[in-house]
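Asker: Sharing run_0.cif below, mmCIF, C-alpha atoms and all ligand atoms:
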data_model
loop_
_atom_site.label_atom_id
_atom_site.label_comp_id
_atom_site.auth_asym_id
_atom_site.auth_seq_id
_atom_site.Cartn_x
_atom_site.Cartn_y
_atom_site.Cartn_z
CA MET A 15 0.30 45.71 137.29
CA ASP A 16 2.68 44.24 134.72
CA GLN A 17 2.07 45.99 131.44
CA ASN A 18 3.77 43.11 129.61
CA ASP A 19 1.57 40.37 131.01
CA PRO A 20 -0.27 38.89 128.00
CA LYS A 21 -3.51 38.56 129.94
CA THR A 22 -3.35 42.17 131.02
CA LEU A 23 -2.47 43.14 127.49
CA MET A 24 -5.45 41.25 126.13
CA LEU A 25 -7.78 42.81 128.65
CA SER A 26 -6.56 46.27 127.88
CA HIS A 27 -7.16 45.66 124.14
CA LYS A 28 -10.40 43.79 124.64
CA GLU A 29 -12.59 46.48 123.20
CA ILE A 30 -10.36 47.00 120.16
CA LEU A 31 -10.20 43.23 119.50
CA ARG A 32 -13.97 42.91 119.90
CA GLN A 33 -14.53 45.71 117.41
CA GLU A 34 -12.06 44.18 114.94
CA PHE A 35 -13.69 40.77 115.27
CA TYR A 36 -17.16 42.17 114.67
CA SER A 37 -15.93 44.34 111.86
CA GLU A 38 -14.39 41.27 110.16
CA PHE A 39 -17.49 39.19 110.92
CA THR A 40 -19.75 41.90 109.47
CA LYS A 41 -17.59 42.09 106.35
CA VAL A 42 -17.85 38.33 105.79
CA GLU A 43 -21.57 38.38 106.45
CA LYS A 44 -21.98 41.31 104.08
CA SER A 45 -19.99 39.48 101.39
CA LEU A 46 -22.22 36.44 101.79
CA LYS A 47 -25.37 38.54 101.50
CA ILE A 48 -24.10 40.38 98.45
CA ALA A 49 -22.97 37.16 96.77
CA SER A 50 -26.39 35.62 97.46
CA ASN A 51 -28.05 38.65 95.97
CA ILE A 52 -25.93 38.46 92.81
CA VAL A 53 -26.57 34.70 92.52
CA MET A 54 -30.30 35.35 92.89
CA HIS A 55 -30.16 37.79 89.94
CA LEU A 56 -28.08 35.33 87.91
CA LYS A 57 -30.50 32.49 88.64
CA ASP A 58 -33.43 34.65 87.52
CA ALA A 59 -31.67 35.49 84.28
CA SER A 60 -30.65 31.87 83.73
CA THR A 61 -34.15 30.39 84.14
CA GLU A 62 -35.36 31.93 80.90
CA ALA A 63 -32.12 31.07 79.11
CA ILE A 64 -32.30 27.45 80.30
CA ASN A 65 -35.92 27.18 79.13
CA LEU A 66 -35.06 28.60 75.71
CA GLN A 67 -32.13 26.24 75.41
CA PHE A 68 -34.35 23.35 76.48
CA PHE A 69 -36.69 24.09 73.56
CA LEU A 70 -33.80 24.23 71.06
CA ARG A 71 -32.13 21.09 72.39
CA ALA A 72 -35.40 19.14 72.52
CA VAL A 73 -36.14 20.03 68.87
CA GLU A 74 -32.59 19.00 67.97
CA TYR A 75 -33.02 15.75 69.90
CA PHE A 76 -36.11 14.75 67.89
CA ARG A 77 -34.46 15.73 64.61
CA THR A 78 -31.29 13.75 65.21
CA SER A 79 -32.19 10.85 67.51
CA PRO A 80 -32.06 7.47 65.69
CA ASP A 81 -35.31 6.59 67.52
CA HIS A 82 -37.26 9.53 66.14
CA LYS A 83 -35.63 11.28 63.19
CA HIS A 84 -37.04 8.89 60.56
CA ILE A 85 -40.55 9.23 62.07
CA ILE A 86 -40.62 12.97 62.69
CA ASP A 87 -38.89 13.68 59.40
CA SER A 88 -42.07 14.27 57.34
CA LYS A 89 -45.83 14.19 57.44
CA THR A 90 -45.94 10.91 55.52
CA SER A 91 -43.43 9.08 57.73
CA PHE A 92 -45.26 10.26 60.84
CA HIS A 93 -48.64 9.35 59.35
CA VAL A 94 -47.43 5.83 58.50
CA LYS A 95 -46.13 5.29 62.04
CA MET A 96 -49.41 6.60 63.46
CA LEU A 97 -51.55 4.31 61.26
CA ILE A 98 -49.43 1.31 62.30
CA ASP A 99 -49.80 2.22 65.99
CA VAL A 100 -53.55 2.73 65.62
CA ALA A 101 -53.94 -0.71 63.99
CA GLU A 102 -51.74 -2.41 66.57
CA ILE A 103 -53.67 -0.90 69.46
CA ASN A 104 -56.53 -2.87 67.95
CA SER A 105 -59.34 -0.50 68.85
CA PHE A 106 -62.00 0.35 66.28
CA GLU A 107 -63.13 3.22 68.46
CA LEU A 108 -59.64 4.77 68.21
CA ALA A 109 -59.66 4.28 64.43
CA THR A 110 -63.01 6.06 64.11
CA ARG A 111 -61.66 9.01 66.10
CA TYR A 112 -58.96 9.29 63.44
CA LEU A 113 -61.37 8.80 60.53
CA ARG A 114 -63.84 11.38 61.82
CA ASN A 115 -61.26 14.14 61.87
CA PRO A 116 -57.76 13.11 60.72
CA SER A 117 -56.02 16.45 61.23
CA THR A 118 -57.32 16.98 64.79
CA PHE A 119 -56.43 13.39 65.64
CA MET A 120 -52.94 13.84 64.15
CA SER A 121 -52.40 17.01 66.19
CA SER A 122 -53.17 15.19 69.42
CA TRP A 123 -51.03 12.24 68.27
CA VAL A 124 -48.05 14.59 67.74
CA GLN A 125 -48.55 15.92 71.26
CA GLU A 126 -48.78 12.45 72.75
CA TYR A 127 -45.76 11.29 70.75
CA ILE A 128 -43.54 14.15 71.96
CA PHE A 129 -44.68 13.90 75.62
CA ASN A 130 -44.24 10.11 75.68
CA ALA A 131 -40.83 10.22 74.01
CA LEU A 132 -39.60 12.67 76.65
CA GLN A 133 -40.68 10.32 79.44
CA VAL A 134 -38.57 7.40 78.23
CA ASN A 135 -35.83 6.35 80.64
CA ILE A 136 -32.24 6.37 79.43
CA ASN A 137 -30.58 3.53 81.32
CA ASP A 138 -30.12 4.75 84.90
CA GLN A 139 -29.67 8.37 83.96
CA GLY A 140 -33.25 9.54 84.24
CA THR A 141 -35.68 10.31 81.46
CA VAL A 142 -34.96 12.01 78.14
CA LEU A 143 -36.66 15.10 79.58
CA GLN A 144 -34.36 15.16 82.63
CA ASN A 145 -31.28 14.58 80.51
CA ILE A 146 -32.02 17.41 78.10
CA TYR A 147 -32.81 19.74 81.02
CA TYR A 148 -29.65 18.76 82.96
CA ILE A 149 -27.47 19.46 79.91
CA CYS A 150 -29.03 22.94 79.64
CA VAL A 151 -28.52 23.59 83.38
CA ARG A 152 -24.87 22.48 83.27
CA SER A 153 -24.19 24.54 80.19
CA LYS A 154 -25.75 27.74 81.56
CA PHE A 155 -24.27 27.38 85.05
CA ASN A 156 -20.83 26.69 83.60
CA GLU A 157 -21.24 29.86 81.58
CA MET A 158 -22.06 31.81 84.77
CA LEU A 159 -19.10 30.27 86.63
CA VAL A 160 -16.72 31.17 83.81
CA ALA A 161 -18.20 34.69 83.65
CA THR A 162 -17.62 35.11 87.41
CA ARG A 163 -14.01 33.91 87.10
CA ASN A 164 -13.38 36.23 84.15
CA ALA A 165 -14.94 39.17 85.99
CA PHE A 166 -12.64 38.50 88.95
CA THR A 167 -9.53 38.48 86.78
CA LYS A 168 -10.60 41.60 84.86
CA ILE A 169 -11.16 43.70 88.00
CA GLU A 170 -7.67 44.43 89.18
CA ALA A 171 -8.58 46.37 92.34
CA LYS A 172 -9.12 44.52 95.59
CA TYR A 173 -12.37 46.39 96.18
CA CYS A 174 -15.10 47.58 93.82
CA LYS A 175 -18.77 48.48 93.78
CA VAL A 176 -21.35 45.71 93.49
CA ASN A 177 -22.64 47.13 90.21
CA GLU A 178 -19.18 47.08 88.67
CA LEU A 179 -18.78 43.38 89.43
CA TRP A 180 -22.33 42.67 88.26
CA GLN A 181 -21.76 44.42 84.94
CA LYS A 182 -18.43 42.64 84.42
CA ILE A 183 -20.11 39.28 85.02
CA ASN A 184 -22.89 40.22 82.60
CA SER A 185 -20.43 41.26 79.92
CA HIS A 186 -19.02 37.74 79.95
CA LEU A 187 -22.38 36.05 79.52
CA GLU A 188 -24.05 35.22 76.24
CA LEU A 189 -26.76 37.64 75.12
CA THR A 190 -29.56 35.32 76.19
CA MET A 191 -28.30 35.37 79.74
CA ILE A 192 -28.01 39.09 80.29
CA ALA A 193 -30.49 40.22 82.90
CA PRO A 194 -32.86 42.95 81.73
CA VAL A 195 -31.73 45.31 84.51
CA MET A 196 -28.05 46.07 84.32
CA THR A 197 -27.74 47.37 87.89
CA ILE A 198 -28.63 45.85 91.19
CA PRO A 199 -30.78 48.56 92.78
CA THR A 200 -30.49 48.45 96.58
CA ILE A 201 -26.91 47.27 97.07
CA GLY A 202 -25.44 48.47 93.78
CA ASN A 203 -23.18 51.12 95.30
CA GLU A 204 -21.80 49.06 98.17
CA GLN A 205 -18.05 48.44 98.25
CA ILE A 206 -17.07 44.78 98.24
CA GLN A 207 -13.96 42.72 98.44
CA VAL A 208 -13.90 41.25 94.95
CA GLU A 209 -12.16 37.95 95.66
CA LYS A 210 -14.30 37.01 98.64
CA VAL A 211 -17.57 37.80 96.87
CA CYS A 212 -16.53 35.98 93.67
CA GLU A 213 -15.54 32.90 95.69
CA GLU A 214 -18.91 32.93 97.40
CA ILE A 215 -20.79 33.41 94.09
CA SER A 216 -18.99 30.39 92.61
CA SER A 217 -19.74 28.28 95.64
CA GLU A 218 -23.45 29.21 95.58
CA LEU A 219 -23.69 28.63 91.82
CA ASN A 220 -22.17 25.16 92.23
CA GLU A 221 -24.67 24.38 94.95
CA ALA A 222 -27.64 25.66 92.90
CA ARG A 223 -26.48 23.68 89.86
CA TYR A 224 -26.30 20.52 91.93
CA TYR A 225 -29.90 20.91 93.16
CA LEU A 226 -31.23 21.70 89.69
CA THR A 227 -29.63 18.55 88.26
CA MET A 228 -31.40 16.54 90.96
CA ARG A 229 -34.91 17.65 89.93
CA SER A 230 -37.46 14.90 89.45
CA ASN A 231 -39.09 14.03 86.14
CA ALA A 232 -42.53 14.85 87.56
CA ASP A 233 -41.45 18.36 88.59
CA LEU A 234 -39.83 19.05 85.25
CA LYS A 235 -42.83 17.75 83.32
CA LYS A 236 -44.98 20.24 85.21
CA ASP A 237 -42.60 23.22 85.12
CA LEU A 238 -41.49 22.78 81.51
CA ARG A 239 -44.98 22.19 80.16
CA ARG A 240 -44.98 25.47 78.22
CA GLU A 241 -41.62 24.64 76.62
CA ILE A 242 -42.75 21.10 75.74
CA GLU A 243 -45.89 22.57 74.15
CA LYS A 244 -43.65 24.80 72.05
CA VAL A 245 -41.75 21.72 70.85
CA VAL A 246 -45.10 20.13 69.93
CA GLU A 247 -46.16 23.29 68.06
CA TYR A 248 -42.84 23.37 66.23
CA PHE A 249 -43.39 19.89 64.75
CA GLU A 250 -47.18 19.93 64.58
CA LYS A 251 -47.55 22.27 61.61
CA ASP A 252 -45.36 20.14 59.34
CA LEU A 253 -46.56 16.79 60.63
CA VAL A 254 -50.25 17.62 60.25
CA GLY A 255 -49.60 19.47 56.99
CA CYS A 256 -52.39 20.03 54.48
CA LYS A 257 -55.75 19.20 56.05
CA GLU A 258 -57.62 18.42 52.81
CA LEU A 259 -59.18 14.97 52.51
CA CYS A 260 -59.76 12.95 49.33
CA PRO A 261 -63.41 13.63 48.44
CA PHE A 262 -64.07 9.93 47.84
CA CYS A 263 -62.08 7.90 50.39
CA GLY A 264 -61.26 10.54 53.03
CA GLY A 265 -57.50 9.95 52.79
CA PRO A 266 -55.55 13.06 53.92
CA CYS A 267 -53.46 14.96 51.37
CA ASP A 268 -49.75 14.05 51.75
CA ASN A 269 -48.51 17.60 51.22
CA THR A 270 -47.43 20.28 53.64
CA ALA A 271 -49.75 23.05 54.87
CA GLY A 272 -50.85 25.62 52.33
CA CYS A 273 -50.74 23.31 49.31
CA THR A 274 -53.15 24.06 46.48
CA SER A 275 -52.95 20.82 44.51
CA HIS A 276 -53.85 17.88 46.71
CA LEU A 277 -52.69 14.32 46.33
CA THR A 278 -52.10 11.18 48.37
CA ARG A 279 -50.33 7.93 47.66
CA CYS A 280 -52.73 6.19 49.99
CA HIS A 281 -56.27 6.03 48.58
CA ARG A 282 -58.59 3.72 50.47
CA PRO A 283 -61.59 1.55 49.69
CA GLN A 284 -64.29 4.22 49.55
CA GLY A 285 -66.47 2.43 52.09
CA ILE A 286 -63.96 3.46 54.77
CA SER A 287 -65.36 6.99 54.54
CA GLY A 288 -68.94 5.73 54.30
CA GLN A 289 -69.46 5.71 50.51
CA ASN A 290 -72.15 3.16 49.81
CA TRP A 291 -74.00 1.81 46.83
CA HIS A 292 -77.12 3.70 47.80
CA TRP A 293 -75.78 6.56 45.66
CA TRP A 294 -74.74 4.30 42.80
CA ASN A 295 -77.97 2.40 42.46
CA TRP A 296 -77.62 2.28 38.73
CA LYS A 297 -75.11 -0.54 39.05
CA ARG A 298 -76.33 -2.58 42.00
CA LYS A 299 -79.75 -3.32 43.35
CA ARG A 300 -78.69 -4.80 46.65
CA GLY A 301 -79.01 -1.78 48.92
CA ASN A 302 -76.58 0.54 50.62
CA GLU A 303 -73.62 -1.71 51.24
CA LEU A 304 -70.23 -0.05 51.64
CA VAL A 305 -68.14 0.42 48.50
CA VAL A 306 -64.89 -1.54 48.25
CA ASP A 307 -63.49 0.23 45.16
CA LEU A 308 -60.41 2.42 45.51
CA CYS A 309 -60.79 5.98 44.17
CA THR A 310 -57.83 5.39 41.85
CA THR A 311 -59.73 2.49 40.24
CA SER A 312 -62.98 4.43 40.04
CA VAL A 313 -61.35 7.34 38.18
CA ALA A 314 -59.80 4.85 35.72
CA ASP A 315 -63.30 3.62 34.84
CA LYS A 316 -64.93 5.57 32.03
CA LYS A 317 -68.46 4.63 33.09
CA GLN A 318 -68.59 4.74 36.87
CA GLN A 319 -70.41 7.75 38.30
CA PHE A 320 -70.81 9.52 41.62
CA LYS A 321 -73.30 11.93 43.09
CA LYS A 322 -72.30 13.80 46.23
CA SER A 323 -74.09 16.27 48.44
CA ASP A 324 -70.96 18.28 49.25
CA VAL A 325 -70.93 19.49 45.63
CA ASP A 326 -74.08 19.76 43.48
CA ASN A 327 -75.78 16.43 44.16
CA LYS A 328 -75.75 15.67 40.43
CA TRP A 329 -74.31 12.66 38.63
CA HIS A 330 -70.72 13.00 37.44
CA LYS A 331 -68.38 10.53 35.81
CA TYR A 332 -65.51 9.56 38.09
CA HIS A 333 -62.90 10.13 35.41
CA GLU A 334 -64.19 13.70 35.12
CA TYR A 335 -63.95 14.28 38.87
CA ARG A 336 -61.84 17.42 38.38
CA THR A 337 -64.87 19.29 37.07
CA VAL A 338 -66.07 19.41 40.69
CA TYR A 339 -62.89 18.62 42.66
CA GLU A 340 -60.41 20.58 40.61
CA SER A 341 -57.76 20.90 43.33
CA TRP A 342 -57.39 17.10 43.67
CA MET A 343 -55.06 14.91 41.60
CA ILE A 344 -56.16 11.27 41.73
CA PRO A 345 -54.12 9.07 39.39
CA PRO A 346 -56.20 6.50 37.44
CA ILE A 347 -54.80 3.09 38.45
CA VAL A 348 -56.68 -0.13 37.91
CA ASP A 349 -56.52 -1.84 41.30
CA THR A 350 -54.05 -4.66 41.45
CA ASN A 351 -52.59 -5.82 44.70
CA THR A 352 -52.24 -2.37 46.27
CA GLN A 353 -53.30 -0.49 49.42
CA LEU A 354 -53.15 -3.64 51.55
CA TYR A 355 -53.29 -1.70 54.81
CA TRP A 356 -56.78 -0.31 54.26
CA LYS A 357 -58.03 -3.52 52.60
CA TRP A 358 -56.86 -5.46 55.65
CA PHE A 359 -58.49 -2.82 57.86
CA MET A 360 -61.82 -2.98 56.06
CA ALA A 361 -61.85 -6.78 55.96
CA LYS A 362 -61.15 -6.90 59.71
CA TYR A 363 -63.70 -4.26 60.70
CA ASN A 364 -66.34 -4.71 57.97
CA LYS A 365 -69.21 -5.08 60.44
CA GLU A 366 -67.99 -2.22 62.62
CA PHE A 367 -67.68 0.08 59.59
CA ALA A 368 -71.20 -0.85 58.47
CA ASP A 369 -72.60 -0.03 61.94
CA PHE A 370 -70.53 3.12 62.17
CA HIS A 371 -71.80 4.48 58.83
CA GLY A 372 -75.33 3.04 59.19
CA CYS A 373 -74.87 0.94 56.01
CA LEU A 374 -74.78 -2.70 55.03
CA GLU A 375 -71.51 -4.61 55.25
CA ALA A 376 -69.31 -4.47 52.16
CA GLU A 377 -68.83 -7.45 49.89
CA ILE A 378 -65.22 -8.05 50.85
CA PRO A 379 -63.21 -9.77 48.09
CA ASP A 380 -61.80 -13.14 49.21
CA SER A 381 -58.24 -12.02 48.50
CA TRP A 382 -58.57 -9.27 51.11
CA LYS A 383 -59.41 -11.81 53.79
CA GLN A 384 -56.06 -13.53 53.19
CA ILE A 385 -54.00 -10.38 53.84
CA THR A 386 -51.98 -10.74 57.03
CA TRP A 387 -51.20 -7.83 59.34
CA GLU A 388 -47.47 -8.10 58.53
CA GLU A 389 -48.21 -7.83 54.78
CA ALA A 390 -50.55 -4.87 55.32
CA LYS A 391 -48.01 -3.09 57.50
CA GLN A 392 -45.11 -3.68 55.10
CA ASP A 393 -47.21 -2.50 52.13
CA LEU A 394 -47.95 0.77 53.92
CA ILE A 395 -44.26 1.27 54.75
CA ASN A 396 -43.26 0.51 51.14
CA LEU A 397 -45.85 2.92 49.80
CA TYR A 398 -44.06 5.87 51.36
CA LYS A 399 -40.48 4.65 51.04
CA PRO A 400 -38.34 7.24 49.25
CA ARG A 401 -38.23 6.28 45.60
CA THR A 402 -34.68 5.97 44.29
ZN ZN B 1 -59.19 8.67 47.67
ZN ZN B 2 -53.08 19.35 49.94
#
For this file, produce the structure as structure tokens.
Ligand SMILES: [Zn+2]
Ligand SMILES: [Zn+2]

Answerer:
Amino acid sequence: MDQNDPKTLMLSHKEILRQEFYSEFTKVEKSLKIASNIVMHLKDASTEAINLQFFLRAVEYFRTSPDHKHIIDSKTSFHVKMLIDVAEINSFELATRYLRNPSTFMSSWVQEYIFNALQVNINDQGTVLQNIYYICVRSKFNEMLVATRNAFTKIEAKYCKVNELWQKINSHLELTMIAPVMTIPTIGNEQIQVEKVCEEISSELNEARYYLTMRSNADLKKDLRREIEKVVEYFEKDLVGCKELCPFCGGPCDNTAGCTSHLTRCHRPQGISGQNWHWWNWKRKRGNELVVDLCTTSVADKKQQFKKSDVDNKWHKYHEYRTVYESWMIPPIVDTNTQLYWKWFMAKYNKEFADFHGCLEAEIPDSWKQITWEEAKQDLINLYKPRT
């Protein structure tokens, strides 16, 4: 037999070649498994970081977006927008839900506002929700890819233990990304070929990033519900603010939560909250029709009186209201052409208000019936415009 014949040579080395092939194959397979394991740990650590970043970026979006910043900026701007929306929806039932409990209604309106705004489509690039999430995914995955590349360049040896590579990658990640366990338990002491494993990690991270940036709006809405709720909570406290209501018209205090001296620029005809002449019989003998006076006008009147069951049920002069409602500041203003929003509202829904409060319809002044919706809306906007 010719010892130099290639076929013979191959056959004689068959076993060695087979062993080398399997050894190489096993090494590659092992590298793949280890890389997958590291990527799995990185993905776990990144989920929380992405969610946290989503919250921060979503808050930032609402605070800076030209569509929302002027609305979400303060309780009063949000309240004005909400009152305009309520009127334009044209449902008395919706308005009564607000009037029954303004702060609860405002809380749910904040929630609805945030959820709806996140569902808006941005051209062909998905919803606001998807876009904010995709930015967070790209940012965190880029961070992991850079950390992997840096770890590879920092480890000069061709081989190292899994834990060494893992810790090097971690040391190049931001604090929020560092996994709580700094070692990978089962495979931590295995020797790996650094370059091969790093290549595989990068390839798997790229693939995972691609799939995450393809996630549907419906999936994200469901999975990020807790984070969206946190965004709602973040804005809710300021936008609902002080929950005190004007004792006469029911208008919410304009101040932030925790205020001790309550005031509002928007006092309403008192019939809106159900005040009726039944209590003020001394002046009128016509029965319990709803009152059209604004509280600001009533407190400017030296004679007008009120008697209310939430205090002592005794007669008090309006202009001395602070003897029983000392935390409220109601400026005495003789009604001119002000508070058009609520006058328009009461003129439009006079009968509904009367039924709602179990009273007689108010005697609506003729001038109120001439107020158009555009005038009412603009008056409300002007009322809360920053004064320069
Ligand atoms: Zn009032
Ligand atoms: Zn207040």

Asker: Return as a PyMOL selection string every polymer residue, whether protein, DNA or RNA, with at least one atom no more than 10 Å from an atom of ligand ZN 2 (chain B); count only C-alpha atoms and all ligand atoms.

Answerer: chain A and resi 255-260+266-278+341-343

Asker: Now that the selection is made, can you save its residues with C-alpha atoms as a PDB file, in the frame of the given file?

Answerer:
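Saved to selection-v5.pdb:
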ATOM      1  CA  GLY A 255     -49.600  19.470  56.990  1.00  0.00           C
ATOM      2  CA  CYS A 256     -52.390  20.030  54.480  1.00  0.00           C
ATOM      3  CA  LYS A 257     -55.750  19.200  56.050  1.00  0.00           C
ATOM      4  CA  GLU A 258     -57.620  18.420  52.810  1.00  0.00           C
ATOM      5  CA  LEU A 259     -59.180  14.970  52.510  1.00  0.00           C
ATOM      6  CA  CYS A 260     -59.760  12.950  49.330  1.00  0.00           C
ATOM      7  CA  PRO A 266     -55.550  13.060  53.920  1.00  0.00           C
ATOM      8  CA  CYS A 267     -53.460  14.960  51.370  1.00  0.00           C
ATOM      9  CA  ASP A 268     -49.750  14.050  51.750  1.00  0.00           C
ATOM     10  CA  ASN A 269     -48.510  17.600  51.220  1.00  0.00           C
ATOM     11  CA  THR A 270     -47.430  20.280  53.640  1.00  0.00           C
ATOM     12  CA  ALA A 271     -49.750  23.050  54.870  1.00  0.00           C
ATOM     13  CA  GLY A 272     -50.850  25.620  52.330  1.00  0.00           C
ATOM     14  CA  CYS A 273     -50.740  23.310  49.310  1.00  0.00           C
ATOM     15  CA  THR A 274     -53.150  24.060  46.480  1.00  0.00           C
ATOM     16  CA  SER A 275     -52.950  20.820  44.510  1.00  0.00           C
ATOM     17  CA  HIS A 276     -53.850  17.880  46.710  1.00  0.00           C
ATOM     18  CA  LEU A 277     -52.690  14.320  46.330  1.00  0.00           C
ATOM     19  CA  THR A 278     -52.100  11.180  48.370  1.00  0.00           C
ATOM     20  CA  SER A 341     -57.760  20.900  43.330  1.00  0.00           C
ATOM     21  CA  TRP A 342     -57.390  17.100  43.670  1.00  0.00           C
ATOM     22  CA  MET A 343     -55.060  14.910  41.600  1.00  0.00           C
TER      23      MET A 343
END

Asker: Within 7 Å of ligand ZN 1 (chain B), which residues show up when you count only C-alpha atoms and all ligand atoms? List them as a short mmCIF file (atom, residue, chain, number, x, y, z; two decimals) with C-alpha atoms, keeping the file's coordinate frame, please.

Answerer:
data_model
loop_
_atom_site.label_atom_id
_atom_site.label_comp_id
_atom_site.auth_asym_id
_atom_site.auth_seq_id
_atom_site.Cartn_x
_atom_site.Cartn_y
_atom_site.Cartn_z
CA CYS A 260 -59.76 12.95 49.33
CA PRO A 261 -63.41 13.63 48.44
CA PHE A 262 -64.07 9.93 47.84
CA CYS A 263 -62.08 7.90 50.39
CA GLY A 264 -61.26 10.54 53.03
CA GLY A 265 -57.50 9.95 52.79
CA HIS A 281 -56.27 6.03 48.58
CA ARG A 282 -58.59 3.72 50.47
CA LEU A 308 -60.41 2.42 45.51
CA CYS A 309 -60.79 5.98 44.17
CA THR A 310 -57.83 5.39 41.85
#

Asker: Considering all atoms listed in the file, can you say which of A:Gln289, A:Asn231, A:Ile242, A:Ala376 comes closest to Asn135 of chain A?

Answerer: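 Among the listed residues, A:Asn231 lies closest to Asn135 of chain A.
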
Asker: Env of segment 66-70 of chain A: 8 Å cut, atoms = all atoms listed in the file, seq-sep filter 6 positions within chain, self excluded. Answer as JSON, numbers by chain.

Answerer: {"A": [146, 147, 150, 241, 242, 244, 245]}

Asker: Nearest to Val305 of chain A among A:Leu354, A:Ala368, A:Ile183, A:Val348, with distances taken over only C-alpha atoms: which residue is it?

Answerer: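 Counting only C-alpha atoms, the residue closest to Val305 of chain A is A:Ala368.
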
Asker: Of the residues A:Phe249, A:Phe166, A:Tyr75, A:Phe359, which is the one nearest to Lys89 of chain A, using only C-alpha atoms?

Answerer: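 Of the candidates, the smallest distance to Lys89 of chain A is held by A:Phe249.
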
Asker: Find the residue from A:Ser312, A:Ser105, A:Asn220, A:Asn203 that sits nearest to Met158 of chain A; use all atoms listed in the file when measuring.

Answerer: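 Closest to Met158 of chain A, using all atoms listed in the file: A:Asn220.
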
Asker: With only C-alpha atoms as the atoms that count, which of A:Lys44, A:Tyr355, A:Gln284, A:Asp237 lies nearest to Val176 of chain A?

Answerer: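 Of A:Lys44, A:Tyr355, A:Gln284, A:Asp237, the one nearest Val176 of chain A is A:Lys44, counting only C-alpha atoms.
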
Asker: Need the shell around segment 387-395 of chain A: protein/DNA/RNA residues with any atom at most 8 Å away, counting all atoms listed in the file. Skip same-chain ones fewer than 6 positions apart. Format as a list in words?

Answerer: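 Answer for this query is Val94, Ile98, Thr352, Gln353, Leu354, Tyr355, Trp356 and Trp358 of chain A.
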
Asker: As an exercise, work out the distance from atom CA of Ala361 of chain A to atom CA of Lys383 of chain A in Å and give it to one decimal place.

Answerer: 6.0 Å

Asker: Calculate how many Å separate atom CA of Glu375 of chain A from atom CA of Leu97 of chain A, rounding to one decimal.

Answerer: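 Atom-to-atom, atom CA of Glu375 of chain A and atom CA of Leu97 of chain A are spaced 22.7 Å apart.
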
Asker: Can you work out which one of A:Thr90, A:Ser60, A:Thr118, A:Thr311 has the shortest atom-to-atom distance to His333 of chain A, counting only C-alpha atoms?

Answerer: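 Looking at the shortest contact to His333 of chain A, the residue is A:Thr311.
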
Asker: Kindly give the distance, in Å, that separates atom CA of Asn177 of chain A and atom CA of Ser217 of chain A, rounded to a single decimal.

Answerer: 19.8 Å

Asker: Please provide as a ChimeraX atom specification all residues within 9 Å of Val100 of chain A, with the sequence filter that same-chain residues fewer than 6 positions apart are discarded (counting all atoms listed in the file).

Answerer: /A:106,108-109,112

Asker: Leaving out Asn327 of chain A and any residue of its chain fewer than 6 positions from it, which residues lie within 12 Å of it when counting all atoms listed in the file, given as a ChimeraX atom specification?

Answerer: /A:293,319-321,338
